[in-house]
>>> print(open('model_35.cif').read())   # mmCIF, C-alpha atoms
data_protein
#
loop_
_atom_site.label_atom_id
_atom_site.label_comp_id
_atom_site.auth_asym_id
_atom_site.auth_seq_id
_atom_site.Cartn_x
_atom_site.Cartn_y
_atom_site.Cartn_z
CA MET A 1 -14.04 -22.36 78.35
CA ASP A 2 -11.78 -24.98 76.81
CA ALA A 3 -8.16 -23.73 76.69
CA ARG A 4 -7.88 -24.75 73.02
CA ILE A 5 -10.85 -22.62 72.04
CA LYS A 6 -9.44 -19.75 74.10
CA TYR A 7 -6.06 -19.87 72.32
CA SER A 8 -7.71 -20.37 68.95
CA LEU A 9 -9.81 -17.26 69.45
CA LEU A 10 -6.74 -15.31 70.51
CA LEU A 11 -4.72 -16.47 67.49
CA VAL A 12 -7.57 -15.75 65.07
CA GLY A 13 -7.87 -12.24 66.55
CA ILE A 14 -4.13 -11.59 66.22
CA GLY A 15 -4.18 -13.05 62.71
CA ILE A 16 -6.96 -10.71 61.64
CA ILE A 17 -5.08 -7.70 63.02
CA LEU A 18 -1.86 -8.76 61.26
CA ALA A 19 -3.69 -9.41 58.00
CA PHE A 20 -5.01 -5.86 57.98
CA LEU A 21 -1.66 -4.26 58.76
CA PRO A 22 -0.95 -2.01 55.77
CA PHE A 23 2.80 -2.68 55.74
CA SER A 24 5.17 -5.58 55.89
CA ALA A 25 7.53 -5.54 58.84
CA THR A 26 10.27 -7.29 56.88
CA ASP A 27 10.09 -5.35 53.62
CA SER A 28 9.34 -1.87 54.97
CA PHE A 29 11.80 0.74 56.17
CA ARG A 30 12.76 0.38 59.80
CA LEU A 31 13.91 3.96 60.22
CA LYS A 32 11.31 6.64 60.83
CA SER A 33 10.91 9.22 58.09
CA ASP A 34 12.39 12.09 60.12
CA GLU A 35 15.44 9.94 60.97
CA LEU A 36 15.98 9.07 57.30
CA LEU A 37 15.48 12.69 56.27
CA SER A 38 18.04 13.89 58.78
CA LYS A 39 20.57 11.29 57.54
CA SER A 40 19.75 12.19 53.94
CA THR A 41 20.50 15.88 54.41
CA SER A 42 23.90 15.19 55.94
CA ALA A 43 26.81 15.73 53.57
CA GLU A 44 28.89 13.16 55.45
CA ASN A 45 27.44 10.21 53.57
CA SER A 46 28.76 11.34 50.19
CA LEU A 47 32.34 10.78 49.11
CA SER A 48 34.10 12.52 46.24
CA VAL A 49 35.76 10.48 43.51
CA ASP A 50 39.14 11.72 44.80
CA GLN A 51 38.39 10.30 48.25
CA VAL A 52 37.41 6.99 46.65
CA ALA A 53 40.54 7.04 44.46
CA ARG A 54 42.73 7.39 47.55
CA MET A 55 40.92 4.46 49.20
CA VAL A 56 41.37 2.35 46.06
CA ASN A 57 45.11 3.12 46.02
CA LYS A 58 45.46 2.15 49.68
CA GLU A 59 43.41 -1.00 49.06
CA ASP A 60 41.46 0.13 52.11
CA SER A 61 39.95 -2.99 53.67
CA THR A 62 37.37 -0.96 55.60
CA MET A 63 35.54 0.01 52.43
CA LEU A 64 33.46 -1.93 49.97
CA LEU A 65 32.59 -0.40 46.62
CA ILE A 66 29.19 -1.51 45.36
CA ASP A 67 28.57 -1.12 41.64
CA LEU A 68 24.80 -0.90 41.11
CA ARG A 69 24.82 -1.27 37.32
CA GLU A 70 23.73 -4.35 35.45
CA ALA A 71 26.22 -7.20 35.09
CA GLY A 72 27.08 -6.40 31.46
CA GLN A 73 28.10 -2.85 32.25
CA PHE A 74 30.01 -3.99 35.33
CA LYS A 75 31.93 -6.50 33.26
CA GLU A 76 32.90 -3.83 30.76
CA CYS A 77 34.53 -1.62 33.38
CA ASN A 78 34.34 -0.99 37.11
CA ILE A 79 36.35 0.61 39.88
CA PRO A 80 38.98 -1.81 41.26
CA GLY A 81 37.75 -3.57 44.37
CA SER A 82 34.05 -3.26 43.46
CA ILE A 83 31.45 -5.94 43.78
CA ASN A 84 28.39 -5.96 41.55
CA ILE A 85 24.95 -5.70 43.15
CA PRO A 86 22.62 -4.70 40.31
CA PHE A 87 20.05 -2.18 41.54
CA SER A 88 17.24 -4.52 40.50
CA ASP A 89 18.72 -7.15 42.85
CA LEU A 90 19.21 -4.81 45.81
CA LEU A 91 16.56 -6.43 47.99
CA ASN A 92 17.77 -9.98 47.40
CA PRO A 93 18.29 -11.55 50.86
CA TRP A 94 21.63 -12.86 49.55
CA TRP A 95 23.14 -9.38 50.09
CA GLU A 96 22.02 -9.05 53.72
CA GLY A 97 25.41 -10.28 54.95
CA THR A 98 27.15 -7.65 52.84
CA PHE A 99 24.97 -4.77 54.01
CA ASN A 100 25.10 -5.95 57.61
CA GLN A 101 28.84 -5.39 58.00
CA LYS A 102 28.70 -2.40 60.32
CA ASN A 103 32.44 -1.69 60.29
CA ILE A 104 32.73 -1.69 56.51
CA LYS A 105 31.95 1.49 54.58
CA LYS A 106 29.59 0.50 51.80
CA ILE A 107 30.09 2.94 48.93
CA PHE A 108 27.37 2.83 46.28
CA TYR A 109 27.90 4.02 42.75
CA GLY A 110 26.17 3.89 39.39
CA ASN A 111 26.85 5.79 36.18
CA GLY A 112 25.24 8.94 37.57
CA ASP A 113 23.77 10.03 40.88
CA GLN A 114 20.19 8.79 40.68
CA THR A 115 20.49 5.04 41.23
CA ALA A 116 23.19 5.32 43.89
CA ASN A 117 21.20 7.81 45.95
CA CYS A 118 18.02 5.75 45.68
CA ALA A 119 19.98 2.65 46.74
CA TRP A 120 21.55 4.59 49.62
CA SER A 121 18.12 5.74 50.83
CA ILE A 122 16.62 2.25 50.55
CA VAL A 123 19.48 0.45 52.28
CA THR A 124 19.73 3.12 55.00
CA GLY A 125 15.96 3.14 55.43
CA LEU A 126 16.00 -0.62 55.90
CA GLY A 127 18.26 -0.04 58.90
CA TYR A 128 21.72 -0.88 57.55
CA GLN A 129 24.52 1.40 58.66
CA ASN A 130 27.73 2.91 57.30
CA ASN A 131 26.46 3.58 53.78
CA PHE A 132 27.95 6.14 51.41
CA VAL A 133 27.51 7.36 47.86
CA MET A 134 30.29 8.19 45.43
CA LYS A 135 29.25 11.64 44.21
CA GLY A 136 28.73 11.84 40.45
CA GLY A 137 29.15 8.11 39.88
CA LEU A 138 31.29 6.66 37.12
CA ASN A 139 30.71 9.70 34.89
CA GLU A 140 32.45 11.84 37.49
CA TRP A 141 35.14 9.15 37.96
CA PHE A 142 35.95 9.26 34.24
CA LYS A 143 35.92 13.06 34.16
CA THR A 144 38.05 13.57 37.27
CA VAL A 145 40.25 10.50 37.63
CA MET A 146 40.59 9.06 34.15
CA LEU A 147 40.75 12.21 32.06
CA SER A 148 42.05 15.02 34.25
CA GLN A 149 45.49 16.46 33.58
CA PHE A 150 47.43 19.12 35.41
CA ARG A 151 47.84 22.14 33.15
CA GLY A 152 49.49 24.74 35.37
CA GLU A 153 53.13 25.72 35.43
CA LYS A 154 53.84 25.23 39.10
CA ILE A 155 52.37 22.42 41.14
CA THR A 156 51.88 22.68 44.88
CA PRO A 157 52.57 19.64 47.11
CA LEU A 158 48.82 19.31 47.71
CA GLU A 159 48.03 19.31 43.99
CA ASN A 160 50.89 16.92 43.40
CA ALA A 161 49.44 14.45 45.92
CA LEU A 162 46.00 14.81 44.35
CA TYR A 163 47.21 14.17 40.80
CA GLU A 164 49.42 11.31 41.92
CA ALA A 165 46.44 9.65 43.62
CA ARG A 166 44.37 10.12 40.46
CA PHE A 167 47.18 8.74 38.31
CA ASN A 168 47.57 5.62 40.49
CA ALA A 169 43.84 5.00 40.61
CA ARG A 170 43.65 5.47 36.83
CA LYS A 171 46.46 2.94 36.38
CA ALA A 172 44.75 0.36 38.60
CA PHE A 173 41.40 0.96 36.83
CA THR A 174 42.95 0.56 33.38
CA GLN A 175 44.98 -2.52 34.35
CA ILE A 176 42.11 -4.46 35.87
CA ASN A 177 39.58 -3.51 33.24
CA SER A 178 41.99 -4.32 30.40
CA LEU A 179 42.41 -7.90 31.54
CA PRO A 180 40.90 -10.58 29.33
CA ASP A 181 37.48 -11.76 30.51
CA SER A 182 38.85 -15.10 31.78
CA LEU A 183 41.35 -13.39 34.09
CA LYS A 184 38.78 -10.81 35.18
CA LYS A 185 36.50 -13.69 36.17
CA GLN A 186 39.30 -15.19 38.29
CA TYR A 187 39.95 -11.82 39.90
CA PHE A 188 36.30 -11.35 40.86
CA LYS A 189 36.05 -14.95 42.07
CA ALA A 190 39.04 -14.33 44.34
CA LYS A 191 37.40 -11.11 45.53
CA GLU A 192 34.15 -12.96 46.27
CA ILE A 193 36.00 -15.60 48.33
CA LYS A 194 37.81 -12.83 50.25
CA GLN A 195 34.43 -11.21 50.90
CA LEU A 196 32.92 -14.48 52.14
CA LYS A 197 35.81 -14.91 54.55
CA LEU A 198 35.20 -11.40 55.86
CA ASP A 199 31.53 -12.26 56.34
CA GLY A 200 32.51 -15.35 58.28
CA GLY A 201 31.26 -17.75 55.63
CA CYS A 202 33.11 -20.50 53.86
CA GLN A 203 33.69 -21.57 50.30
CA MET B 1 -19.53 -16.92 84.41
CA SER B 2 -16.02 -18.29 84.06
CA GLN B 3 -16.50 -18.50 80.27
CA ILE B 4 -17.41 -14.82 80.09
CA ARG B 5 -14.33 -13.98 82.19
CA ASN B 6 -12.12 -15.99 79.80
CA LEU B 7 -13.67 -14.28 76.82
CA LYS B 8 -13.10 -10.90 78.46
CA ILE B 9 -9.39 -11.64 78.78
CA ILE B 10 -9.13 -12.58 75.09
CA ILE B 11 -11.07 -9.49 74.03
CA LEU B 12 -8.85 -7.37 76.26
CA ILE B 13 -5.64 -8.79 74.71
CA ILE B 14 -6.96 -8.33 71.18
CA GLY B 15 -8.18 -4.85 72.08
CA ILE B 16 -4.74 -3.84 73.41
CA LEU B 17 -3.10 -5.20 70.24
CA LEU B 18 -5.60 -3.32 68.09
CA VAL B 19 -4.91 -0.07 69.93
CA LEU B 20 -1.13 -0.57 69.51
CA VAL B 21 -1.57 -1.21 65.78
CA ILE B 22 -3.78 1.86 65.40
CA ILE B 23 -1.24 4.00 67.28
CA ARG B 24 1.59 2.71 65.06
CA ASN B 25 -0.42 3.25 61.89
CA SER B 26 -1.48 6.74 62.83
CA ASP B 27 2.19 7.75 63.27
CA ARG B 28 2.86 9.71 60.10
CA ASN B 29 6.59 9.18 60.54
CA VAL B 30 6.35 5.45 59.96
CA PHE B 31 7.03 4.15 56.46
CA LYS B 32 4.20 1.96 55.26
CA GLU B 33 5.08 1.08 51.68
CA LYS B 34 7.15 -1.91 50.62
CA ALA B 35 10.74 -1.05 49.66
CA ARG B 36 10.24 -3.06 46.47
CA THR B 37 7.94 -0.37 45.04
CA ALA B 38 10.80 2.14 45.16
CA VAL B 39 13.21 -0.33 43.52
CA GLU B 40 10.79 -1.14 40.72
CA ALA B 41 9.98 2.51 39.92
CA THR B 42 13.65 3.49 39.91
CA ARG B 43 14.66 0.50 37.83
CA ASN B 44 12.21 1.22 35.02
CA ASN B 45 12.62 5.01 35.29
CA SER B 46 8.88 5.48 35.77
CA ASN B 47 9.71 7.95 38.53
CA LEU B 48 11.41 10.38 36.12
CA ILE B 49 9.99 13.16 33.99
CA THR B 50 12.02 15.27 31.56
CA LEU B 51 11.46 18.95 30.84
CA ASN B 52 9.97 18.10 27.44
CA GLN B 53 7.56 15.61 28.97
CA LEU B 54 6.61 18.19 31.59
CA LYS B 55 5.83 20.77 28.90
CA LYS B 56 3.48 18.30 27.25
CA LEU B 57 1.77 17.30 30.49
CA THR B 58 -1.91 18.18 30.30
CA SER B 59 -2.97 16.89 33.70
CA PRO B 60 -2.53 19.15 36.75
CA TYR B 61 0.81 19.05 38.55
CA LEU B 62 2.73 20.88 41.24
CA ILE B 63 6.48 21.44 41.11
CA ILE B 64 8.12 21.09 44.49
CA ASP B 65 11.47 22.87 44.41
CA ILE B 66 13.54 21.31 47.18
CA GLY B 67 16.96 22.72 46.53
CA SER B 68 17.00 26.24 45.22
CA GLU B 69 18.27 28.36 48.08
CA LYS B 70 21.32 29.61 46.19
CA ARG B 71 19.85 29.60 42.69
CA ALA B 72 19.28 32.87 40.82
CA ASP B 73 15.66 34.01 40.50
CA SER B 74 15.85 33.77 36.71
CA LEU B 75 16.46 30.03 37.02
CA GLN B 76 13.49 29.35 39.28
CA PHE B 77 10.35 27.62 38.08
CA GLN B 78 7.30 29.82 38.07
CA HIS B 79 4.51 28.65 40.37
CA ALA B 80 6.81 26.12 42.02
CA VAL B 81 6.44 25.59 45.73
CA LYS B 82 9.77 25.97 47.47
CA ILE B 83 10.41 23.57 50.31
CA ALA B 84 13.89 23.13 51.74
CA PHE B 85 14.84 19.44 51.67
CA SER B 86 15.60 19.46 55.40
CA GLN B 87 12.07 20.74 56.08
CA LEU B 88 10.31 18.43 53.65
CA LEU B 89 8.42 16.62 56.39
CA ASP B 90 7.45 19.62 58.48
CA LYS B 91 3.77 19.71 59.30
CA ALA B 92 3.01 22.71 57.06
CA ASN B 93 4.93 21.21 54.14
CA ARG B 94 3.26 17.82 54.55
CA LYS B 95 -0.05 19.68 54.31
CA VAL B 96 1.03 21.24 51.00
CA LEU B 97 1.99 17.80 49.66
CA ASP B 98 -1.22 16.22 50.91
CA GLU B 99 -3.48 18.86 49.44
CA ALA B 100 -1.81 19.07 46.04
CA SER B 101 -4.03 17.91 43.22
CA GLY B 102 -2.41 15.99 40.40
CA GLU B 103 1.20 14.96 40.11
CA LEU B 104 3.95 16.09 42.45
CA ILE B 105 7.11 16.92 40.51
CA LEU B 106 10.26 17.08 42.62
CA TYR B 107 13.01 19.35 41.47
CA ALA B 108 16.43 20.35 42.83
CA ASP B 109 19.77 21.46 41.43
CA ASP B 110 21.11 17.94 41.71
CA ILE B 111 19.39 14.64 41.15
CA ALA B 112 20.99 13.21 44.31
CA THR B 113 18.74 15.37 46.49
CA THR B 114 15.58 14.68 44.49
CA SER B 115 16.29 10.93 44.45
CA ARG B 116 16.60 10.83 48.23
CA ALA B 117 13.47 12.95 48.67
CA TRP B 118 11.60 10.77 46.18
CA VAL B 119 12.41 7.57 48.11
CA ILE B 120 11.26 9.10 51.40
CA LEU B 121 7.97 10.38 49.98
CA ASN B 122 7.36 7.23 47.95
CA GLN B 123 7.79 5.07 51.03
CA LEU B 124 5.47 7.35 53.00
CA GLY B 125 2.80 6.47 50.47
CA TYR B 126 2.75 9.50 48.15
CA LYS B 127 1.62 8.41 44.72
CA ASN B 128 1.94 10.37 41.46
CA LEU B 129 5.39 11.51 42.45
CA ARG B 130 8.12 12.10 39.88
CA ILE B 131 11.60 13.57 39.65
CA LEU B 132 12.20 16.32 37.12
CA THR B 133 15.44 15.73 35.22
CA ILE B 134 17.22 18.04 32.84
CA GLU B 135 19.04 15.11 31.20
CA ASN B 136 17.00 12.53 29.34
CA SER B 137 18.89 9.60 30.87
CA PRO B 138 20.77 10.62 34.00
CA GLU B 139 22.14 7.10 34.42
CA GLU B 140 23.79 6.85 31.03
CA LEU B 141 27.58 6.39 30.95
CA LYS B 142 28.91 9.28 28.91
CA TYR B 143 32.38 7.83 28.48
CA LYS B 144 33.72 4.72 26.80
CA PHE B 145 36.49 2.79 28.48
CA GLN B 146 39.43 2.11 26.19
CA PRO B 147 41.28 -1.02 27.34
CA ASP B 148 45.05 -0.86 27.36
CA THR B 149 46.32 -4.05 25.74
CA THR B 150 49.81 -3.65 27.23
CA ALA B 151 48.30 -3.78 30.71
CA ARG B 152 47.80 -7.54 30.27
CA LEU B 153 51.51 -8.03 30.85
CA GLU B 154 51.06 -6.93 34.45
CA GLN B 155 48.38 -9.48 35.22
CA ASP B 156 50.72 -11.45 37.49
CA THR B 157 50.81 -8.50 39.89
CA MET B 158 47.32 -9.44 41.08
#
>>> encode(input="model_35.cif", output="structure tokens")
Amino acid sequence: MDARIKYSLLLVGIGIILAFLPFSATDSFRLKSDELLSKSTSAENSLSVDQVARMVNKEDSTMLLIDLREAGQFKECNIPGSINIPFSDLLNPWWEGTFNQKNIKKIFYGNGDQTANCAWSIVTGLGYQNNFVMKGGLNEWFKTVMLSQFRGEKITPLENALYEARFNARKAFTQINSLPDSLKKQYFKAKEIKQLKLDGGCQ
Amino acid sequence: MSQIRNLKIIILIIGILLVLVIIRNSDRNVFKEKARTAVEATRNNSNLITLNQLKKLTSPYLIIDIGSEKRADSLQFQHAVKIAFSQLLDKANRKVLDEASGELILYADDIATTSRAWVILNQLGYKNLRILTIENSPEELKYKFQPDTTARLEQDTM
């Protein structure tokens, strides 16, 4: 048999098998369901707003806050150091470089818990590592960091450290989000360039 | 004769590939849906059902309670099937999910757990799957940020 016919037959056969595959290898989860379930039940992939506040104060370069809300809401207010990846844009290949940074803790947040946990499951299921969720989202951030006040008579050193961290995070949040839009734009542009440098890209 | 031998090799290769594909597809632990389906349903909230909507639901449904171990009996749903989240994919529990007629309504004390469970089951191909929420819009920001105009003076600190 002619080699060309042989290879053609082989390719047609493989093509037919691939065409009938019920899932897409690139757009489907890479993890197996039991692996994702076991990761999902672990409490280690959720961070409290106090933990995030401490990271924000330290300007921790090993974390990346990902705000999943739409651009308008992000522009109105966001946690200092956040980048905006709207949930609807989560699967855009543009963000692959961001999710692929294995040594960076990607911390997802929305206004509540629903979007962030769905995003966490999707990104983790797709095989990206080091993903976290900020428990309670921005609603919890406002309640705990922005509005909490110590009301006791005596404060322990531990409580003092906690309230100081909240106060500093609140200050940073208020300062950055109170900037006029033009300056905010500059700030986020600078942040984007910093991010690109971390990714190994250029601007 | 040689042509038949060549054809046999091709059929053998295709046969092996076919067997591998069948083995992979028959693995119930492999996700088969596209991730985009989960994004779309979450984005337009079509995966949520409120208590009021549930009360009005006329079609058959089954409430799957995946996080109620510490909840008082008075706060449990009647006729709900209790499945611990960590055991959601156990063989017996998969059978319950497979055999349920009508919609599957996921419920837990916190929406974080149900959201994660929903993504897993959605990507495994379960249709008619919704999350029961107590709040009408769990993703609504309940607070309004008040900018501090004096903070502008510190802009040079950036």
>>> residues_around(input="model_35.cif", residues="Ser178 (chain A)", least_positions_apart="3", cutoff="10 Å", atoms="all atoms listed in the file", output="list in words")
Glu76, Cys77, Ala172, Phe173, Thr174, Gln175, Asp181, Leu183 and Lys184 of chain A; Phe145, Gln146, Pro147, Asp148, Thr149, Thr150, Ala151, Arg152 and Gln155 of chain B
>>> atom_distance(input="model_35.cif", atom1="CA of Lys55 (chain B)", atom2="CA of Asp110 (chain B)")
20.1 Å
>>> residues_around(input="model_35.cif", residues="Gln129 (chain A)", least_positions_apart="4", cutoff="8 Å", atoms="all atoms listed in the file", output="list of chain:residue names")
A:Phe99, A:Asn100, A:Lys102, A:Thr124
>>> atom_distance(input="model_35.cif", atom1="CA of Gln51 (chain A)", atom2="CA of Glu70 (chain A)")
24.4 Å
>>> resolve_selection(input="model_35.cif", expression="the PyMOL selection byres ((chain A) within 8 of (chain B))", output="mmCIF file with C-alpha atoms, in the frame of the given file")
data_model
loop_
_atom_site.group_PDB
_atom_site.id
_atom_site.type_symbol
_atom_site.label_atom_id
_atom_site.label_comp_id
_atom_site.auth_asym_id
_atom_site.auth_seq_id
_atom_site.Cartn_x
_atom_site.Cartn_y
_atom_site.Cartn_z
ATOM 1 C CA MET A 1 -14.040 -22.360 78.350
ATOM 2 C CA LYS A 6 -9.440 -19.750 74.100
ATOM 3 C CA LEU A 9 -9.810 -17.260 69.450
ATOM 4 C CA LEU A 10 -6.740 -15.310 70.510
ATOM 5 C CA GLY A 13 -7.870 -12.240 66.550
ATOM 6 C CA ILE A 14 -4.130 -11.590 66.220
ATOM 7 C CA ILE A 17 -5.080 -7.700 63.020
ATOM 8 C CA LEU A 21 -1.660 -4.260 58.760
ATOM 9 C CA PRO A 22 -0.950 -2.010 55.770
ATOM 10 C CA PHE A 23 2.800 -2.680 55.740
ATOM 11 C CA SER A 24 5.170 -5.580 55.890
ATOM 12 C CA ASP A 27 10.090 -5.350 53.620
ATOM 13 C CA SER A 28 9.340 -1.870 54.970
ATOM 14 C CA PHE A 29 11.800 0.740 56.170
ATOM 15 C CA ARG A 30 12.760 0.380 59.800
ATOM 16 C CA LEU A 31 13.910 3.960 60.220
ATOM 17 C CA LYS A 32 11.310 6.640 60.830
ATOM 18 C CA SER A 33 10.910 9.220 58.090
ATOM 19 C CA ASP A 34 12.390 12.090 60.120
ATOM 20 C CA LEU A 36 15.980 9.070 57.300
ATOM 21 C CA LEU A 37 15.480 12.690 56.270
ATOM 22 C CA SER A 38 18.040 13.890 58.780
ATOM 23 C CA SER A 40 19.750 12.190 53.940
ATOM 24 C CA THR A 41 20.500 15.880 54.410
ATOM 25 C CA GLU A 76 32.900 -3.830 30.760
ATOM 26 C CA CYS A 77 34.530 -1.620 33.380
ATOM 27 C CA PHE A 87 20.050 -2.180 41.540
ATOM 28 C CA SER A 88 17.240 -4.520 40.500
ATOM 29 C CA LEU A 90 19.210 -4.810 45.810
ATOM 30 C CA LEU A 91 16.560 -6.430 47.990
ATOM 31 C CA GLY A 110 26.170 3.890 39.390
ATOM 32 C CA ASN A 111 26.850 5.790 36.180
ATOM 33 C CA GLY A 112 25.240 8.940 37.570
ATOM 34 C CA ASP A 113 23.770 10.030 40.880
ATOM 35 C CA GLN A 114 20.190 8.790 40.680
ATOM 36 C CA THR A 115 20.490 5.040 41.230
ATOM 37 C CA ASN A 117 21.200 7.810 45.950
ATOM 38 C CA CYS A 118 18.020 5.750 45.680
ATOM 39 C CA SER A 121 18.120 5.740 50.830
ATOM 40 C CA ILE A 122 16.620 2.250 50.550
ATOM 41 C CA LEU A 138 31.290 6.660 37.120
ATOM 42 C CA ASN A 139 30.710 9.700 34.890
ATOM 43 C CA PHE A 142 35.950 9.260 34.240
ATOM 44 C CA THR A 174 42.950 0.560 33.380
ATOM 45 C CA GLN A 175 44.980 -2.520 34.350
ATOM 46 C CA ASN A 177 39.580 -3.510 33.240
ATOM 47 C CA SER A 178 41.990 -4.320 30.400
ATOM 48 C CA LEU A 179 42.410 -7.900 31.540
ATOM 49 C CA PRO A 180 40.900 -10.580 29.330
ATOM 50 C CA TYR A 187 39.950 -11.820 39.900
#
>>> atom_distance(input="model_35.cif", atom1="CA of Gln78 (chain B)", atom2="CA of Leu54 (chain B)")
13.3 Å
>>> residues_near_point(input="model_35.cif", point="(43.1, -3.1, 50.7)", cutoff="12 Å", atoms="only C-alpha atoms", output="MDAnalysis selection string")
chainID A and resid 54:65 80:82 104 191 194:195
>>> axis_aligned_box(input="model_35.cif", around="region 23-42 of chain B", padding_each_side="5 Å", output="JSON")
{"center_x": 6.1, "center_y": 3.3, "center_z": 53.6, "size_x": 25.1, "size_y": 22.8, "size_z": 37.4}
